[in-house]
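Below is the file target_7.cif, which contains mmCIF, C-alpha atoms, pLDDT in the B column; chains and numbers go by the auth columns.
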data_upload
loop_
_atom_site.group_PDB
_atom_site.id
_atom_site.type_symbol
_atom_site.label_atom_id
_atom_site.label_comp_id
_atom_site.label_asym_id
_atom_site.label_seq_id
_atom_site.Cartn_x
_atom_site.Cartn_y
_atom_site.Cartn_z
_atom_site.B_iso_or_equiv
_atom_site.auth_seq_id
_atom_site.auth_asym_id
ATOM 1 C CA MET A 1 23.705 -7.213 6.557 91.00 13 N
ATOM 2 C CA LEU A 2 23.014 -5.592 9.968 97.00 14 N
ATOM 3 C CA ARG A 3 25.675 -5.385 12.649 97.00 15 N
ATOM 4 C CA ILE A 4 25.015 -3.915 16.078 98.00 16 N
ATOM 5 C CA ASP A 5 28.262 -3.121 17.888 97.00 17 N
ATOM 6 C CA ASN A 6 28.302 -2.249 21.626 97.00 18 N
ATOM 7 C CA LEU A 7 25.125 -0.211 21.247 98.00 19 N
ATOM 8 C CA SER A 8 23.918 1.863 24.202 97.00 20 N
ATOM 9 C CA ALA A 9 20.813 4.071 24.329 97.00 21 N
ATOM 10 C CA GLY A 10 18.087 5.333 26.619 95.00 22 N
ATOM 11 C CA TYR A 11 15.751 8.113 27.631 94.00 23 N
ATOM 12 C CA ASP A 12 16.942 11.191 29.550 91.00 24 N
ATOM 13 C CA ARG A 13 19.021 9.843 32.447 90.00 25 N
ATOM 14 C CA LEU A 14 17.791 6.258 32.067 94.00 26 N
ATOM 15 C CA GLU A 15 20.022 3.970 30.029 96.00 27 N
ATOM 16 C CA VAL A 16 17.946 1.133 28.558 97.00 28 N
ATOM 17 C CA LEU A 17 20.438 -0.644 26.271 97.00 29 N
ATOM 18 C CA HIS A 18 23.865 -1.583 27.577 97.00 30 N
ATOM 19 C CA ALA A 19 26.597 -2.438 25.031 96.00 31 N
ATOM 20 C CA VAL A 20 24.334 -4.654 22.890 97.00 32 N
ATOM 21 C CA SER A 21 26.078 -6.544 20.076 97.00 33 N
ATOM 22 C CA PHE A 22 24.695 -9.004 17.494 97.00 34 N
ATOM 23 C CA SER A 23 24.269 -9.456 13.738 97.00 35 N
ATOM 24 C CA VAL A 24 21.420 -10.210 11.311 97.00 36 N
ATOM 25 C CA GLU A 25 22.183 -11.924 8.000 95.00 37 N
ATOM 26 C CA ARG A 26 20.020 -12.050 4.868 93.00 38 N
ATOM 27 C CA ASP A 27 19.773 -15.823 4.883 89.00 39 N
ATOM 28 C CA ALA A 28 19.114 -16.162 8.617 93.00 40 N
ATOM 29 C CA PRO A 29 15.931 -14.428 9.881 96.00 41 N
ATOM 30 C CA THR A 30 16.676 -13.468 13.476 97.00 42 N
ATOM 31 C CA VAL A 31 14.329 -13.300 16.452 95.00 43 N
ATOM 32 C CA MET A 32 14.990 -10.966 19.390 94.00 44 N
ATOM 33 C CA LEU A 33 13.415 -12.469 22.503 90.00 45 N
ATOM 34 C CA GLY A 34 12.919 -10.949 25.924 86.00 46 N
ATOM 35 C CA ALA A 35 10.366 -10.094 28.578 85.00 47 N
ATOM 36 C CA ASN A 36 8.429 -6.835 28.643 85.00 48 N
ATOM 37 C CA GLY A 37 10.797 -4.029 29.585 88.00 49 N
ATOM 38 C CA ALA A 38 13.875 -5.816 28.255 91.00 50 N
ATOM 39 C CA GLY A 39 14.545 -3.014 25.746 94.00 51 N
ATOM 40 C CA LYS A 40 13.360 -4.680 22.530 93.00 52 N
ATOM 41 C CA THR A 41 11.207 -1.806 21.272 93.00 53 N
ATOM 42 C CA THR A 42 13.885 0.699 22.257 95.00 54 N
ATOM 43 C CA LEU A 43 16.364 -1.281 20.161 96.00 55 N
ATOM 44 C CA CYS A 44 14.061 -1.071 17.119 96.00 56 N
ATOM 45 C CA ARG A 45 13.719 2.670 17.591 96.00 57 N
ATOM 46 C CA VAL A 46 17.468 3.137 17.815 98.00 58 N
ATOM 47 C CA ILE A 47 18.085 1.063 14.677 98.00 59 N
ATOM 48 C CA THR A 48 15.561 3.192 12.765 97.00 60 N
ATOM 49 C CA GLY A 49 16.933 6.461 14.167 97.00 61 N
ATOM 50 C CA LEU A 50 13.877 7.437 16.202 95.00 62 N
ATOM 51 C CA ILE A 51 16.066 7.420 19.332 96.00 63 N
ATOM 52 C CA PRO A 52 19.745 8.424 19.135 96.00 64 N
ATOM 53 C CA ALA A 53 22.461 5.988 20.136 97.00 65 N
ATOM 54 C CA ARG A 54 24.566 7.027 23.129 97.00 66 N
ATOM 55 C CA GLY A 55 27.418 4.721 22.246 97.00 67 N
ATOM 56 C CA GLY A 56 28.445 1.989 19.851 97.00 68 N
ATOM 57 C CA GLY A 57 27.501 1.631 16.220 97.00 69 N
ATOM 58 C CA ILE A 58 24.875 0.426 13.731 98.00 70 N
ATOM 59 C CA PHE A 59 26.204 -0.893 10.418 98.00 71 N
ATOM 60 C CA LEU A 60 24.191 -1.823 7.326 97.00 72 N
ATOM 61 C CA ASP A 61 26.167 -3.811 4.761 95.00 73 N
ATOM 62 C CA GLY A 62 29.317 -2.425 6.357 95.00 74 N
ATOM 63 C CA ALA A 63 28.221 1.229 6.170 97.00 75 N
ATOM 64 C CA ASP A 64 27.921 3.151 9.445 98.00 76 N
ATOM 65 C CA ILE A 65 24.345 4.475 9.724 98.00 77 N
ATOM 66 C CA THR A 66 24.504 5.325 13.444 97.00 78 N
ATOM 67 C CA ARG A 67 24.142 9.099 12.966 96.00 79 N
ATOM 68 C CA LEU A 68 21.842 9.148 9.940 97.00 80 N
ATOM 69 C CA ASP A 69 18.359 10.593 10.345 95.00 81 N
ATOM 70 C CA PRO A 70 15.349 8.229 10.073 95.00 82 N
ATOM 71 C CA SER A 71 14.397 9.170 6.501 93.00 83 N
ATOM 72 C CA GLU A 72 17.927 8.532 5.274 95.00 84 N
ATOM 73 C CA ARG A 73 17.897 5.105 6.922 96.00 85 N
ATOM 74 C CA VAL A 74 14.646 4.302 5.128 96.00 86 N
ATOM 75 C CA LYS A 75 16.307 5.305 1.845 94.00 87 N
ATOM 76 C CA ARG A 76 19.184 2.963 2.709 96.00 88 N
ATOM 77 C CA GLY A 77 16.690 0.114 3.138 96.00 89 N
ATOM 78 C CA VAL A 78 15.704 0.018 6.827 97.00 90 N
ATOM 79 C CA ALA A 79 11.955 -0.494 7.391 97.00 91 N
ATOM 80 C CA LEU A 80 10.011 -0.941 10.629 95.00 92 N
ATOM 81 C CA VAL A 81 6.626 -2.565 11.182 95.00 93 N
ATOM 82 C CA PRO A 82 5.857 -1.008 14.575 90.00 94 N
ATOM 83 C CA GLU A 83 4.244 -2.582 17.597 89.00 95 N
ATOM 84 C CA GLY A 84 0.473 -2.272 17.355 87.00 96 N
ATOM 85 C CA ARG A 85 0.639 -1.982 13.532 86.00 97 N
ATOM 86 C CA GLN A 86 -0.168 1.773 13.579 91.00 98 N
ATOM 87 C CA VAL A 87 -2.012 1.921 10.288 95.00 99 N
ATOM 88 C CA PHE A 88 -3.892 5.139 9.542 95.00 100 N
ATOM 89 C CA PRO A 89 -7.501 4.057 10.206 96.00 101 N
ATOM 90 C CA ASP A 90 -9.281 6.882 8.362 96.00 102 N
ATOM 91 C CA MET A 91 -7.206 6.444 5.217 97.00 103 N
ATOM 92 C CA THR A 92 -7.823 3.740 2.645 98.00 104 N
ATOM 93 C CA VAL A 93 -5.619 0.689 2.260 98.00 105 N
ATOM 94 C CA ARG A 94 -4.190 2.155 -0.939 97.00 106 N
ATOM 95 C CA GLU A 95 -3.452 5.497 0.743 97.00 107 N
ATOM 96 C CA ASN A 96 -1.626 3.706 3.568 97.00 108 N
ATOM 97 C CA LEU A 97 0.485 1.904 0.986 97.00 109 N
ATOM 98 C CA ARG A 98 1.315 5.162 -0.797 95.00 110 N
ATOM 99 C CA LEU A 99 2.689 6.546 2.466 94.00 111 N
ATOM 100 C CA GLY A 100 5.022 3.566 2.732 93.00 112 N
ATOM 101 C CA ALA A 101 6.703 4.608 -0.514 93.00 113 N
ATOM 102 C CA TYR A 102 7.135 8.290 0.374 88.00 114 N
ATOM 103 C CA VAL A 103 10.949 8.323 0.368 85.00 115 N
ATOM 104 C CA HIS A 104 11.024 7.112 -3.234 87.00 116 N
ATOM 105 C CA GLY A 105 8.289 9.399 -4.568 86.00 117 N
ATOM 106 C CA GLU A 106 4.881 8.478 -5.938 88.00 118 N
ATOM 107 C CA PRO A 107 4.598 4.683 -6.342 91.00 119 N
ATOM 108 C CA GLY A 108 3.704 3.295 -9.739 89.00 120 N
ATOM 109 C CA ARG A 109 1.478 0.450 -10.778 91.00 121 N
ATOM 110 C CA ALA A 110 4.355 -2.044 -10.542 92.00 122 N
ATOM 111 C CA GLU A 111 4.858 -1.312 -6.827 92.00 123 N
ATOM 112 C CA PHE A 112 1.172 -1.779 -6.059 95.00 124 N
ATOM 113 C CA ASP A 113 0.957 -4.918 -8.185 94.00 125 N
ATOM 114 C CA ALA A 114 3.901 -6.445 -6.314 93.00 126 N
ATOM 115 C CA VAL A 115 2.372 -6.014 -2.856 94.00 127 N
ATOM 116 C CA PHE A 116 -1.104 -6.984 -4.056 96.00 128 N
ATOM 117 C CA ALA A 117 0.345 -10.204 -5.471 94.00 129 N
ATOM 118 C CA MET A 118 1.729 -11.011 -2.013 93.00 130 N
ATOM 119 C CA PHE A 119 -1.367 -9.770 -0.159 95.00 131 N
ATOM 120 C CA PRO A 120 -4.455 -10.493 -2.329 95.00 132 N
ATOM 121 C CA ILE A 121 -6.847 -9.473 0.458 95.00 133 N
ATOM 122 C CA LEU A 122 -5.419 -5.938 0.293 97.00 134 N
ATOM 123 C CA ALA A 123 -6.055 -5.793 -3.440 96.00 135 N
ATOM 124 C CA GLU A 124 -9.697 -6.662 -2.775 96.00 136 N
ATOM 125 C CA ARG A 125 -9.973 -3.988 -0.086 96.00 137 N
ATOM 126 C CA GLN A 126 -7.647 -1.311 -1.420 97.00 138 N
ATOM 127 C CA HIS A 127 -10.375 1.343 -1.411 97.00 139 N
ATOM 128 C CA GLN A 128 -11.662 0.424 2.048 97.00 140 N
ATOM 129 C CA ARG A 129 -10.720 2.401 5.161 97.00 141 N
ATOM 130 C CA ALA A 130 -7.906 0.671 7.027 97.00 142 N
ATOM 131 C CA GLY A 131 -9.738 0.982 10.340 96.00 143 N
ATOM 132 C CA LEU A 132 -12.410 -1.395 9.074 96.00 144 N
ATOM 133 C CA LEU A 133 -9.936 -4.247 8.515 96.00 145 N
ATOM 134 C CA SER A 134 -9.572 -7.079 11.006 94.00 146 N
ATOM 135 C CA GLY A 135 -6.491 -7.214 13.219 93.00 147 N
ATOM 136 C CA GLY A 136 -4.835 -9.782 10.964 93.00 148 N
ATOM 137 C CA GLU A 137 -5.634 -7.770 7.852 95.00 149 N
ATOM 138 C CA GLN A 138 -4.212 -4.628 9.460 95.00 150 N
ATOM 139 C CA GLN A 139 -1.016 -6.544 10.189 94.00 151 N
ATOM 140 C CA MET A 140 -0.839 -7.566 6.525 95.00 152 N
ATOM 141 C CA LEU A 141 -1.300 -3.890 5.616 96.00 153 N
ATOM 142 C CA ALA A 142 1.492 -2.849 7.989 96.00 154 N
ATOM 143 C CA LEU A 143 3.799 -5.425 6.372 96.00 155 N
ATOM 144 C CA ALA A 144 2.804 -4.364 2.859 96.00 156 N
ATOM 145 C CA ARG A 145 3.301 -0.688 3.713 96.00 157 N
ATOM 146 C CA ALA A 146 6.839 -1.453 4.906 96.00 158 N
ATOM 147 C CA LEU A 147 7.565 -3.343 1.676 95.00 159 N
ATOM 148 C CA MET A 148 6.567 -0.280 -0.347 96.00 160 N
ATOM 149 C CA SER A 149 9.759 1.385 0.935 94.00 161 N
ATOM 150 C CA ARG A 150 11.850 -1.311 -0.827 94.00 162 N
ATOM 151 C CA PRO A 151 13.564 -2.565 2.347 96.00 163 N
ATOM 152 C CA ARG A 152 16.793 -4.501 2.588 96.00 164 N
ATOM 153 C CA LEU A 153 16.263 -4.905 6.344 98.00 165 N
ATOM 154 C CA LEU A 154 12.792 -5.423 7.845 97.00 166 N
ATOM 155 C CA LEU A 155 12.240 -4.912 11.580 97.00 167 N
ATOM 156 C CA LEU A 156 9.052 -6.450 12.989 96.00 168 N
ATOM 157 C CA ASP A 157 8.085 -5.334 16.502 94.00 169 N
ATOM 158 C CA GLU A 158 5.695 -7.840 18.134 92.00 170 N
ATOM 159 C CA PRO A 159 3.685 -8.606 14.953 93.00 171 N
ATOM 160 C CA SER A 160 1.655 -11.321 16.720 92.00 172 N
ATOM 161 C CA GLN A 161 0.288 -8.931 19.340 90.00 173 N
ATOM 162 C CA GLY A 162 -3.484 -9.229 19.675 89.00 174 N
ATOM 163 C CA LEU A 163 -3.854 -11.714 16.823 91.00 175 N
ATOM 164 C CA ALA A 164 -5.747 -15.013 16.768 91.00 176 N
ATOM 165 C CA PRO A 165 -3.680 -18.183 16.148 92.00 177 N
ATOM 166 C CA LYS A 166 -4.766 -18.401 12.482 92.00 178 N
ATOM 167 C CA ALA A 167 -3.640 -14.819 11.913 92.00 179 N
ATOM 168 C CA VAL A 168 -0.308 -15.534 13.632 93.00 180 N
ATOM 169 C CA ALA A 169 0.221 -18.488 11.284 93.00 181 N
ATOM 170 C CA LEU A 170 -0.480 -16.210 8.311 92.00 182 N
ATOM 171 C CA VAL A 171 2.039 -13.668 9.600 93.00 183 N
ATOM 172 C CA ALA A 172 4.654 -16.435 9.884 95.00 184 N
ATOM 173 C CA GLU A 173 3.975 -17.612 6.330 94.00 185 N
ATOM 174 C CA THR A 174 4.192 -14.051 5.012 94.00 186 N
ATOM 175 C CA VAL A 175 7.427 -13.222 6.839 95.00 187 N
ATOM 176 C CA ASN A 176 9.023 -16.389 5.468 95.00 188 N
ATOM 177 C CA ARG A 177 7.989 -15.377 1.941 93.00 189 N
ATOM 178 C CA ILE A 178 9.498 -11.930 2.457 94.00 190 N
ATOM 179 C CA ALA A 179 12.754 -13.415 3.770 95.00 191 N
ATOM 180 C CA ALA A 180 12.908 -15.706 0.727 94.00 192 N
ATOM 181 C CA THR A 181 13.110 -12.619 -1.517 93.00 193 N
ATOM 182 C CA GLY A 182 16.450 -11.650 0.074 94.00 194 N
ATOM 183 C CA VAL A 183 15.210 -9.184 2.679 96.00 195 N
ATOM 184 C CA ALA A 184 16.999 -9.512 6.034 97.00 196 N
ATOM 185 C CA VAL A 185 14.512 -9.910 8.900 97.00 197 N
ATOM 186 C CA LEU A 186 14.778 -9.011 12.595 98.00 198 N
ATOM 187 C CA LEU A 187 11.682 -10.236 14.429 97.00 199 N
ATOM 188 C CA VAL A 188 11.066 -8.885 17.934 94.00 200 N
ATOM 189 C CA GLU A 189 8.699 -11.323 19.640 89.00 201 N
ATOM 190 C CA GLN A 190 7.487 -13.032 22.785 85.00 202 N
ATOM 191 C CA ASN A 191 5.321 -15.509 20.880 87.00 203 N
ATOM 192 C CA LEU A 192 7.454 -18.634 20.719 87.00 204 N
ATOM 193 C CA ILE A 193 5.208 -20.272 18.110 90.00 205 N
ATOM 194 C CA LEU A 194 5.862 -17.437 15.661 93.00 206 N
ATOM 195 C CA ALA A 195 9.557 -17.351 16.561 91.00 207 N
ATOM 196 C CA GLU A 196 9.950 -21.078 15.876 92.00 208 N
ATOM 197 C CA ALA A 197 8.141 -20.762 12.542 94.00 209 N
ATOM 198 C CA VAL A 198 10.336 -17.945 11.250 95.00 210 N
ATOM 199 C CA ALA A 199 13.725 -17.636 12.915 95.00 211 N
ATOM 200 C CA ARG A 200 16.980 -19.369 12.118 95.00 212 N
ATOM 201 C CA HIS A 201 18.953 -17.306 14.617 96.00 213 N
ATOM 202 C CA ALA A 202 17.963 -16.045 18.079 94.00 214 N
ATOM 203 C CA VAL A 203 19.155 -13.300 20.381 93.00 215 N
ATOM 204 C CA VAL A 204 17.922 -12.858 23.963 91.00 216 N
ATOM 205 C CA LEU A 205 17.745 -9.435 25.584 92.00 217 N
ATOM 206 C CA GLU A 206 17.445 -9.163 29.366 90.00 218 N
ATOM 207 C CA THR A 207 17.197 -5.741 31.034 91.00 219 N
ATOM 208 C CA GLY A 208 18.943 -4.119 28.088 95.00 220 N
ATOM 209 C CA THR A 209 21.790 -6.617 27.829 94.00 221 N
ATOM 210 C CA CYS A 210 22.334 -9.332 25.243 93.00 222 N
ATOM 211 C CA VAL A 211 22.575 -12.525 27.320 90.00 223 N
ATOM 212 C CA ALA A 212 22.311 -15.235 24.639 88.00 224 N
ATOM 213 C CA ASP A 213 22.985 -15.471 20.909 91.00 225 N
ATOM 214 C CA GLY A 214 22.877 -18.579 18.728 92.00 226 N
ATOM 215 C CA PRO A 215 20.944 -20.900 16.386 93.00 227 N
ATOM 216 C CA ALA A 216 17.204 -20.498 16.976 92.00 228 N
ATOM 217 C CA SER A 217 16.467 -24.218 16.762 89.00 229 N
ATOM 218 C CA GLU A 218 18.859 -25.020 19.598 87.00 230 N
ATOM 219 C CA MET A 219 17.895 -22.102 21.818 83.00 231 N
ATOM 220 C CA LEU A 220 14.143 -22.540 21.437 81.00 232 N
ATOM 221 C CA ALA A 221 14.159 -26.343 21.655 79.00 233 N
ATOM 222 C CA SER A 222 15.999 -26.297 24.971 72.00 234 N
ATOM 223 C CA GLY A 223 13.212 -24.349 26.706 64.00 235 N
ATOM 224 C CA ALA A 224 15.839 -22.325 28.540 58.00 236 N
ATOM 225 C CA VAL A 225 14.889 -19.124 26.758 69.00 237 N
ATOM 226 C CA GLU A 226 11.237 -19.425 27.690 64.00 238 N
ATOM 227 C CA ASP A 227 11.828 -20.516 31.274 60.00 239 N
ATOM 228 C CA SER A 228 14.621 -18.149 32.146 55.00 240 N
ATOM 229 C CA TYR A 229 13.860 -15.005 30.192 61.00 241 N
ATOM 230 C CA LEU A 230 10.161 -14.966 29.346 57.00 242 N
ATOM 231 C CA GLY A 231 9.019 -16.156 32.729 55.00 243 N
ATOM 232 C CA LYS A 232 6.835 -18.924 31.250 54.00 244 N
ATOM 233 C CA LYS A 233 6.855 -22.694 31.099 46.00 245 N
ATOM 234 C CA ARG A 234 6.544 -24.451 27.761 47.00 246 N
ATOM 235 C CA ARG A 235 3.293 -26.355 27.404 46.00 247 N
ATOM 236 C CA HIS A 236 3.602 -30.010 26.523 42.00 248 N
#

Can you present the structure in this file as structure tokens?
Amino acid sequence: MLRIDNLSAGYDRLEVLHAVSFSVERDAPTVMLGANGAGKTTLCRVITGLIPARGGGIFLDGADITRLDPSERVKRGVALVPEGRQVFPDMTVRENLRLGAYVHGEPGRAEFDAVFAMFPILAERQHQRAGLLSGGEQQMLALARALMSRPRLLLLDEPSQGLAPKAVALVAETVNRIAATGVAVLLVEQNLILAEAVARHAVVLETGTCVADGPASEMLASGAVEDSYLGKKRRH
């Protein structure tokens, strides 16, 4: 589905990503792990076209999308749920969802019914301002808004940030349901509980370099990822 090949990128004179290579498959939700400053958010922005690549390539189902503008990538099926959710607080839930579908035109009843079936709480609150939702509900809205763009690849940047454990568990359940529909998932996370609940494959980024790549169960169970790259000790 997604192949990142020797990707390099940065800001002005600062190079943040250094020849990063890995793949994400439809049947293997992938978690990108790394400490703050490792380049995870920059990677998401490069994949979506918000930051240009300086070298290497980004391939979606074999097609080179490296030089496409962000809106064209959305049309091709790339969707991002950004760090901090970034819903529009003064707009209603329904209006936020409409914005998610902008590249395909005005959404119809079928599109709304599909996301409301997956997120019943949003159906109940569709006419409520998004800023009045709880943090967990806003995360559900951010996920639903991304789904309105009909993604083939879903990028999730730190979806557990600021959420209570129950909300994190709900995010994990929802992401697994999305992956089961055939959407490829790249989860950028530091929360190992969420990573273990979702990912089948894991990639570790350290100071802009891919330093580990393999089955999530093996990498997370060993504790090496947490101890070496996240600077934390697993609690027993």

**Study point:** Picked residues, the PyMOL selection byres ((chain N and resi 87-96) around 8), expected as a list of chain:residue names
**Key:**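 This file, filtered by the PyMOL selection byres ((chain N and resi 87-96) around 8), leaves N:Thr53, N:Cys56, N:Thr60, N:Ser83, N:Glu84, N:Arg85, N:Val86, N:Arg97, N:Gln98, N:Val115, N:His116, N:Ala154, N:Leu155, N:Ala158, N:Leu159, N:Ser161, N:Arg162, N:Pro163, N:Arg164, N:Leu165, N:Leu166, N:Leu167, N:Leu168, N:Asp169, N:Glu170, N:Pro171, N:Gln173.
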
**Study point:** Point-to-point distance from atom CA of Ala142 of chain N to atom CA of Asp102 of chain N, Å rounded to tenths
**Key:**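 Separating atom CA of Ala142 of chain N from atom CA of Asp102 of chain N is a distance of 6.5 Å.
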
Exercise for review: Name the closest residue to Gln150 of chain N among the candidates N:Ile190, N:Ala207, N:Leu217, N:Leu175; distances are taken between atoms, counting only C-alpha atoms.
Suggested key: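 Among N:Ile190, N:Ala207, N:Leu217, N:Leu175, it is N:Leu175 that comes nearest to Gln150 of chain N.
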
Review point. Which of these, N:Leu111, N:Val36, N:Val183, N:Cys222, has the shortest distance to Gly147 of chain N once you count only C-alpha atoms?
Key: N:Val183

Point to revise | Interatomic distance (Å, one decimal) between atom CA of Glu27 of chain N and atom CA of Gly49 of chain N | key: 12.2 Å

Could you pull the residues within 9 Å of Arg137 of chain N, counting all atoms listed in the file, minus those fewer than 6 positions along the same chain, as an mmCIF file with C-alpha atoms, in the frame of the given file?
data_model
loop_
_atom_site.group_PDB
_atom_site.id
_atom_site.type_symbol
_atom_site.label_atom_id
_atom_site.label_comp_id
_atom_site.auth_asym_id
_atom_site.auth_seq_id
_atom_site.Cartn_x
_atom_site.Cartn_y
_atom_site.Cartn_z
ATOM 1 C CA THR N 104 -7.823 3.740 2.645
ATOM 2 C CA VAL N 105 -5.619 0.689 2.260
ATOM 3 C CA ARG N 106 -4.190 2.155 -0.939
ATOM 4 C CA LEU N 145 -9.936 -4.247 8.515
#

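Shortest atom-to-atom contact with Thr42 of chain N among N:Ala191, N:Met130, N:Leu144, N:Val58: N:Ala191, counting only C-alpha atoms.
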
Exercise for review: Please return, as a VMD selection string, all polymer residues that have at least one atom within 12 Å of the point (16.4, 12.3, 23.1); use all atoms listed in the file and the file's own coordinate frame.
Suggested key: chain N and resid 21 to 27 54 57 to 58 61 to 66

Point to revise | N:Val28, N:Ile205, N:Ala176, N:Val43 ranked by distance to Gly67 of chain N, top pick (using all atoms listed in the file) | key: N:Val28

Review point. Pick from N:Lys52, N:Ala214, N:Asp17, N:Arg38: nearest to Ala192 of chain N, with only C-alpha atoms counted?
Key: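 Among the listed residues, N:Arg38 lies closest to Ala192 of chain N.
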
Review point. Selected by the PyMOL selection byres ((chain N and resi 209) around 9) in the shown coordinates: which residues, as a VMD selection string?
Key: chain N and resid 181 184 to 185 188 204 to 208 210 to 212

Review point. Which residues match the PyMOL selection byres ((chain N and resi 34) around 8) in the file above, as a ChimeraX atom specification?
Key: /N:15-17,32-33,35-36,215,225

Point to revise | Distance criterion (all atoms listed in the file): nearest to Asp73 of chain N out of N:Glu107, N:Glu37, N:Glu201, N:Glu123 | key: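 So, comparing all the options, the nearest one is N:Glu37.
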
**Study point:** Within 8 Å of Glu149 of chain N using all atoms listed in the file, minus same-chain residues under 4 positions, as a count of residues only
**Key:** 4

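The space between atom CA of Glu230 of chain N and atom CA of Val187 of chain N spans 20.8 Å.
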
Report, as lines of an AutoDock Vina configuration file, the centre and edge lengths in Å (one decimal) of the axis-aligned box enclosing every listed atom of segment 195-210 of chain N, padded by 3 Å on each side.
center_x = 11.1
center_y = -15.0
center_z = 12.7
size_x = 17.8
size_y = 18.2
size_z = 26.1
